[in-house]
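Q: This is the structure, below, for whatever I ask next.
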Amino acid sequence: MPRSVAARLLVPALAVGLTATGAVLGTRWAATELAPARCTFVAADREVRLTPEQAANAATIAAVAVQRDLPPRAASIALATAIQESKLRNLRYGDADSQGLFQQRPSQGWGTVEQVTDPVYSSNAFYDALVQVSGWDQGVVTEVAQEVQRSAFPDAYADHEWEGRVLASILTGQEGSATRLDCRLGRGAGTGSAQGVADKAATQLGVDGRADGRLLLLEARDPARAWAVATWAVSHAEAEDVVRVQVQGRTWTRSSGTWSSDADDDGAATSSPTTVVVEVG
């Protein structure tokens, strides 16, 4: 075949090849960019997938337990209950006058509508009732949850016991450096406030923070609690425009959605096992 003919044939073939390659890359980009945001929690070979809204609510419920120095079992029971009652959504409706994460009823003395739809208030209200149940820390989850909630479907809590355990194990810091929590989110809006995150952490976790521009240093009481703080920050990343979280030499980034061991924080998160560095967009 004459070279000129071969060249003319090669150009269309090359164009088709590049077009096909571009289509594949475009498909991959679209799959990544357009995929729904998800947070995946893995512990004890079990996996729980939540939306960012659900993850943030789960982290708040666990954070309140951590602040109160309650054992992880308390968070496990509360999370299993909230999954059954609201699927970890702060509902403004429900049966009769039930509302909020735990579907608490103002008419039954749980508080005002404004209070029971405040995740921190409602979580505290749940724990206030929980610790009054005799043997709550040893009893069957379904029975304990029913003592608190007085649900018309008491056996349903058992369906979510394992999910509550997975979430509590990670969000109370029990997994430590073995923590497996990935949050794959969309691009941030660039409107995050380090001081806003500090204030929220103080309210929900009871930890002190020091904001400096877009960076926030949160100081936990112990290494396990540092992981509770870090997983709380990742779980709230969507709402607070968090782009990076570092603890004990590990780093979560919004761009990847996963953790790595490539800490680059001028030593803040690697020199102290109780310091958590949060960067907002």
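Residue names in the structure tokens use chain letters A, B, ... in the order shown, residue numbers from 1 in each chain, and ligand numbers from 1 in the order shown.
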Among region 215-270 of chain A, which ones does DSSP place in helix (DSSP H, G or I), written as a PyMOL selection string?

A: chain A and resi 223-235+237-240+268-270

Q: Using only C-alpha atoms, determine which residues lie at most 6 Å from region 55-68 of chain A, disregarding the query and same-chain residues fewer than 6 positions distant; provide the list as a VMD selection string.

A: chain A and resid 75 123 204 to 206 232 235 to 236

Q: I need the chosen residues saved as a PDB file, in the first residue's frame, with N, CA and C atoms.

A:
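After the write, part_14.pdb holds the following:
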```pdb
ATOM      1  N   ALA A  75     -23.692   4.382  72.867  1.00  0.00           N
ATOM      2  CA  ALA A  75     -23.802   4.897  71.503  1.00  0.00           C
ATOM      3  C   ALA A  75     -24.368   3.843  70.574  1.00  0.00           C
ATOM      4  N   SER A 123     -30.271  13.687  71.478  1.00  0.00           N
ATOM      5  CA  SER A 123     -29.332  12.632  71.876  1.00  0.00           C
ATOM      6  C   SER A 123     -29.160  12.624  73.391  1.00  0.00           C
ATOM      7  N   GLN A 204     -20.674  19.421  70.703  1.00  0.00           N
ATOM      8  CA  GLN A 204     -21.019  18.010  70.545  1.00  0.00           C
ATOM      9  C   GLN A 204     -20.045  17.053  71.231  1.00  0.00           C
ATOM     10  N   LEU A 205     -18.751  17.382  71.190  1.00  0.00           N
ATOM     11  CA  LEU A 205     -17.729  16.487  71.733  1.00  0.00           C
ATOM     12  C   LEU A 205     -17.137  16.961  73.056  1.00  0.00           C
ATOM     13  N   GLY A 206     -17.272  18.258  73.320  1.00  0.00           N
ATOM     14  CA  GLY A 206     -16.682  18.801  74.529  1.00  0.00           C
ATOM     15  C   GLY A 206     -15.173  18.928  74.448  1.00  0.00           C
ATOM     16  N   TRP A 232     -15.533  12.109  63.662  1.00  0.00           N
ATOM     17  CA  TRP A 232     -16.616  13.108  63.733  1.00  0.00           C
ATOM     18  C   TRP A 232     -16.408  14.176  62.669  1.00  0.00           C
ATOM     19  N   SER A 235     -17.129  12.788  59.212  1.00  0.00           N
ATOM     20  CA  SER A 235     -18.568  12.572  59.045  1.00  0.00           C
ATOM     21  C   SER A 235     -19.328  13.877  58.842  1.00  0.00           C
ATOM     22  N   HIS A 236     -18.781  14.984  59.339  1.00  0.00           N
ATOM     23  CA  HIS A 236     -19.405  16.294  59.172  1.00  0.00           C
ATOM     24  C   HIS A 236     -18.777  17.077  58.026  1.00  0.00           C
TER      25      HIS A 236
END
```

Q: Quick one: residues within 8 Å of Val141 (chain A), only C-alpha atoms counted, chain neighbours fewer than 2 positions away excluded, as a list in words?

A: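 In the requested form, the answer reads Ile77, Gly139, Glu143, Val144, Ala145, Tyr157, Ala158 and Glu161 of chain A.
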
Q: When distances are computed from only C-alpha atoms, which of A:Glu147, A:Asp95, A:Glu163, A:Glu47 shows the smallest separation from Ser76 (chain A)?

A: A:Glu163

Q: Identify which of the residues A:Thr203, A:Thr231, A:Glu219, A:Trp259 lies closest to Tyr121 (chain A), counting only C-alpha atoms when measuring atom-to-atom distances.

A: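 Closest to Tyr121 (chain A) of all the choices is A:Thr203.
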
Q: Could you find all residues in region 69-243 of chain A that DSSP calls strand (DSSP E) from the backbone, and write them as number ranges by chain?

A: A: 180-184, 208-212, 215-219, 242-243

Q: Let's have the selection written as a CSV table (one decimal), in the first residue's frame, with all heavy atoms.

A:
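Dumped everything to out-v4.csv:
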```
chain,number,residue,atom,x,y,z
A,180,ARG,N,-11.7,2.3,59.6
A,180,ARG,CA,-12.0,2.2,58.2
A,180,ARG,C,-13.3,3.0,58.0
A,180,ARG,O,-14.4,2.5,58.1
A,180,ARG,CB,-12.2,0.8,57.7
A,180,ARG,CG,-10.9,-0.1,57.9
A,180,ARG,CD,-11.2,-1.5,57.5
A,180,ARG,NE,-11.6,-1.7,56.1
A,180,ARG,CZ,-12.0,-2.8,55.6
A,180,ARG,NH1,-12.1,-3.9,56.3
A,180,ARG,NH2,-12.4,-2.9,54.3
A,181,LEU,N,-13.1,4.3,57.7
A,181,LEU,CA,-14.2,5.2,57.4
A,181,LEU,C,-13.8,6.0,56.2
A,181,LEU,O,-12.9,6.8,56.2
A,181,LEU,CB,-14.5,6.1,58.5
A,181,LEU,CG,-15.3,7.4,58.2
A,181,LEU,CD1,-16.7,7.0,57.6
A,181,LEU,CD2,-15.5,8.2,59.5
A,182,ASP,N,-14.5,5.8,55.1
A,182,ASP,CA,-14.2,6.6,53.8
A,182,ASP,C,-15.5,7.4,53.6
A,182,ASP,O,-16.6,6.9,53.6
A,182,ASP,CB,-14.0,5.7,52.6
A,182,ASP,CG,-12.7,4.9,52.8
A,182,ASP,OD1,-11.8,5.3,53.5
A,182,ASP,OD2,-12.5,3.9,52.1
A,183,CYS,N,-15.3,8.7,53.2
A,183,CYS,CA,-16.4,9.5,52.8
A,183,CYS,C,-16.0,10.1,51.5
A,183,CYS,O,-15.1,10.9,51.4
A,183,CYS,CB,-16.6,10.7,53.9
A,183,CYS,SG,-17.7,10.2,55.2
A,184,ARG,N,-16.7,9.7,50.5
A,184,ARG,CA,-16.5,10.3,49.1
A,184,ARG,C,-17.6,11.3,48.8
A,184,ARG,O,-18.7,11.0,48.7
A,184,ARG,CB,-16.6,9.1,48.1
A,184,ARG,CG,-15.5,8.1,48.3
A,184,ARG,CD,-15.5,6.9,47.3
A,184,ARG,NE,-14.5,6.0,47.6
A,184,ARG,CZ,-13.2,6.0,47.2
A,184,ARG,NH1,-12.8,7.1,46.4
A,184,ARG,NH2,-12.3,5.1,47.5
A,208,ASP,N,-11.6,21.2,73.1
A,208,ASP,CA,-11.2,22.5,72.8
A,208,ASP,C,-10.5,22.6,71.5
A,208,ASP,O,-9.8,21.6,71.1
A,208,ASP,CB,-10.2,23.0,73.9
A,208,ASP,CG,-10.9,23.1,75.3
A,208,ASP,OD1,-12.1,23.5,75.3
A,208,ASP,OD2,-10.2,22.8,76.3
A,209,GLY,N,-10.7,23.7,70.8
A,209,GLY,CA,-10.1,23.8,69.5
A,209,GLY,C,-9.4,25.2,69.3
A,209,GLY,O,-9.9,26.2,69.9
A,210,ARG,N,-8.4,25.3,68.5
A,210,ARG,CA,-7.8,26.6,68.2
A,210,ARG,C,-7.7,26.8,66.7
A,210,ARG,O,-7.1,26.0,65.9
A,210,ARG,CB,-6.3,26.6,68.7
A,210,ARG,CG,-5.5,27.8,68.4
A,210,ARG,CD,-4.3,27.9,69.3
A,210,ARG,NE,-3.4,26.7,69.0
A,210,ARG,CZ,-2.5,26.6,68.0
A,210,ARG,NH1,-2.4,27.6,67.2
A,210,ARG,NH2,-1.8,25.6,67.9
A,211,ALA,N,-8.5,27.8,66.2
A,211,ALA,CA,-8.6,28.0,64.8
A,211,ALA,C,-7.6,29.0,64.4
A,211,ALA,O,-7.3,30.0,65.1
A,211,ALA,CB,-10.0,28.6,64.5
A,212,ASP,N,-7.0,28.8,63.2
A,212,ASP,CA,-6.0,29.7,62.6
A,212,ASP,C,-6.2,29.7,61.1
A,212,ASP,O,-5.7,28.8,60.4
A,212,ASP,CB,-4.6,29.2,63.0
A,212,ASP,CG,-3.5,30.2,62.4
A,212,ASP,OD1,-3.8,31.3,62.0
A,212,ASP,OD2,-2.3,29.8,62.5
A,215,LEU,N,-7.2,26.4,59.2
A,215,LEU,CA,-6.9,25.3,60.0
A,215,LEU,C,-7.4,25.3,61.4
A,215,LEU,O,-7.6,26.4,62.0
A,215,LEU,CB,-5.3,25.2,60.1
A,215,LEU,CG,-4.6,24.8,58.8
A,215,LEU,CD1,-3.1,24.7,59.1
A,215,LEU,CD2,-5.1,23.4,58.3
A,216,LEU,N,-7.7,24.2,61.9
A,216,LEU,CA,-8.2,24.0,63.3
A,216,LEU,C,-7.5,22.9,63.9
A,216,LEU,O,-7.4,21.8,63.4
A,216,LEU,CB,-9.7,23.7,63.2
A,216,LEU,CG,-10.4,23.3,64.5
A,216,LEU,CD1,-10.3,24.4,65.6
A,216,LEU,CD2,-11.8,22.8,64.3
A,217,LEU,N,-7.0,23.1,65.1
A,217,LEU,CA,-6.3,22.1,65.9
A,217,LEU,C,-7.3,21.8,67.1
A,217,LEU,O,-7.6,22.6,67.9
A,217,LEU,CB,-5.0,22.5,66.5
A,217,LEU,CG,-3.8,22.2,65.6
A,217,LEU,CD1,-3.9,22.9,64.3
A,217,LEU,CD2,-2.5,22.6,66.3
A,218,LEU,N,-7.7,20.5,67.2
A,218,LEU,CA,-8.6,20.0,68.2
A,218,LEU,C,-7.8,19.1,69.1
A,218,LEU,O,-7.1,18.2,68.7
A,218,LEU,CB,-9.8,19.3,67.7
A,218,LEU,CG,-10.7,20.1,66.8
A,218,LEU,CD1,-11.7,19.2,66.1
A,218,LEU,CD2,-11.5,21.1,67.7
A,219,GLU,N,-7.9,19.3,70.4
A,219,GLU,CA,-7.1,18.6,71.4
A,219,GLU,C,-8.0,17.6,72.2
A,219,GLU,O,-8.9,18.0,72.9
A,219,GLU,CB,-6.4,19.5,72.4
A,219,GLU,CG,-5.3,18.8,73.2
A,219,GLU,CD,-4.2,18.1,72.4
A,219,GLU,OE1,-3.8,18.7,71.4
A,219,GLU,OE2,-3.9,17.0,72.7
A,242,VAL,N,-15.3,20.5,55.1
A,242,VAL,CA,-13.9,20.1,55.6
A,242,VAL,C,-13.2,19.4,54.4
A,242,VAL,O,-13.9,18.6,53.6
A,242,VAL,CB,-14.1,19.0,56.7
A,242,VAL,CG1,-12.7,18.4,57.0
A,242,VAL,CG2,-14.7,19.7,58.0
A,243,VAL,N,-12.0,19.8,54.2
A,243,VAL,CA,-11.2,19.2,53.1
A,243,VAL,C,-10.1,18.3,53.5
A,243,VAL,O,-9.6,17.5,52.7
A,243,VAL,CB,-10.6,20.3,52.2
A,243,VAL,CG1,-11.8,21.1,51.6
A,243,VAL,CG2,-9.7,21.2,52.9
```

Q: Using only C-alpha atoms, which of the listed residues (A:Cys39, A:Leu167, A:Leu91, A:Ala82) sits closest to Phe126 (chain A)?

A: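 Using only C-alpha atoms, the shortest distance to Phe126 (chain A) belongs to A:Ala82.
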
Q: What is the CA of Ala198 (chain A) to CA of Ala220 (chain A) distance in Å?

A: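 We find that CA of Ala198 (chain A) and CA of Ala220 (chain A) lie 12.5 Å from each other.
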
Q: Name all residues at most 9 Å from Ser122 (chain A) (count only C-alpha atoms; drop same-chain ones fewer than 5 positions away) and give them as a list of chain:residue names.

A: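 Here the qualifying residues turn out to be A:Ile61, A:Gly100, A:Leu101, A:Phe102, A:Gln104, A:Trp110, A:Gly111, A:Gln115, A:Val116, A:Thr117, A:Tyr127.
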
Q: Could you please take those selected residues and save N, CA, C and O atoms as a compact mmCIF listing (two decimals), in the first residue's frame?

A:
```txt
# COMPACT_ATOMS: atom_id res chain seq x y z
N ILE A 61 -24.70 11.76 67.40
CA ILE A 61 -25.21 10.87 68.45
C ILE A 61 -24.06 10.24 69.22
O ILE A 61 -24.07 10.19 70.47
N GLY A 100 -37.88 14.26 64.88
CA GLY A 100 -36.45 14.19 65.16
C GLY A 100 -35.82 12.84 64.91
O GLY A 100 -36.45 11.91 64.39
N LEU A 101 -34.56 12.72 65.28
CA LEU A 101 -33.79 11.50 65.06
C LEU A 101 -34.37 10.30 65.78
O LEU A 101 -34.34 9.17 65.27
N PHE A 102 -34.88 10.54 66.98
CA PHE A 102 -35.40 9.44 67.81
C PHE A 102 -36.93 9.41 67.82
O PHE A 102 -37.51 8.63 68.57
N GLN A 104 -39.03 11.45 69.08
CA GLN A 104 -39.50 11.75 70.42
C GLN A 104 -40.74 12.64 70.36
O GLN A 104 -40.85 13.51 69.49
N TRP A 110 -40.85 14.78 76.14
CA TRP A 110 -39.47 14.73 75.64
C TRP A 110 -38.90 16.12 75.40
O TRP A 110 -37.68 16.28 75.25
N GLY A 111 -39.73 17.14 75.34
CA GLY A 111 -39.25 18.50 75.08
C GLY A 111 -40.12 19.16 74.04
O GLY A 111 -41.08 18.57 73.54
N GLN A 115 -36.70 21.50 70.48
CA GLN A 115 -35.70 20.72 71.22
C GLN A 115 -35.52 19.32 70.65
O GLN A 115 -34.38 18.88 70.43
N VAL A 116 -36.61 18.62 70.38
CA VAL A 116 -36.47 17.23 69.92
C VAL A 116 -35.96 17.14 68.49
O VAL A 116 -35.55 16.07 68.03
N THR A 117 -35.97 18.28 67.76
CA THR A 117 -35.40 18.29 66.42
C THR A 117 -33.98 18.88 66.42
O THR A 117 -33.40 19.10 65.36
N TYR A 127 -30.04 9.61 76.07
CA TYR A 127 -29.10 9.06 77.05
C TYR A 127 -29.58 9.28 78.49
O TYR A 127 -29.35 8.43 79.36
```

Q: Find the residue from A:Glu114, A:Gln248, A:Leu70, A:Ser256 that sits nearest to Val131 (chain A); use only C-alpha atoms when measuring.

A: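 Closest residue, counting only C-alpha atoms: A:Leu70.
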
Q: So how many Å separate CA of Thr251 (chain A) and CA of Asp69 (chain A), to one decimal?

A: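 CA of Asp69 (chain A) lies 26.2 Å from CA of Thr251 (chain A).
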
Q: Rounded to one decimal in Å, what is the spacing between CA of Gln174 (chain A) and CA of Arg73 (chain A)?

A: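 Computing it gives 11.1 Å between the two atoms.
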
Q: Need the shell around region 191-196 of chain A: protein/DNA/RNA residues with any atom at most 6 Å away, counting only C-alpha atoms. Skip same-chain ones fewer than 2 positions apart. Format as number ranges by chain?

A: A: 189, 198-199, 211, 214, 216, 240-241, 280-281
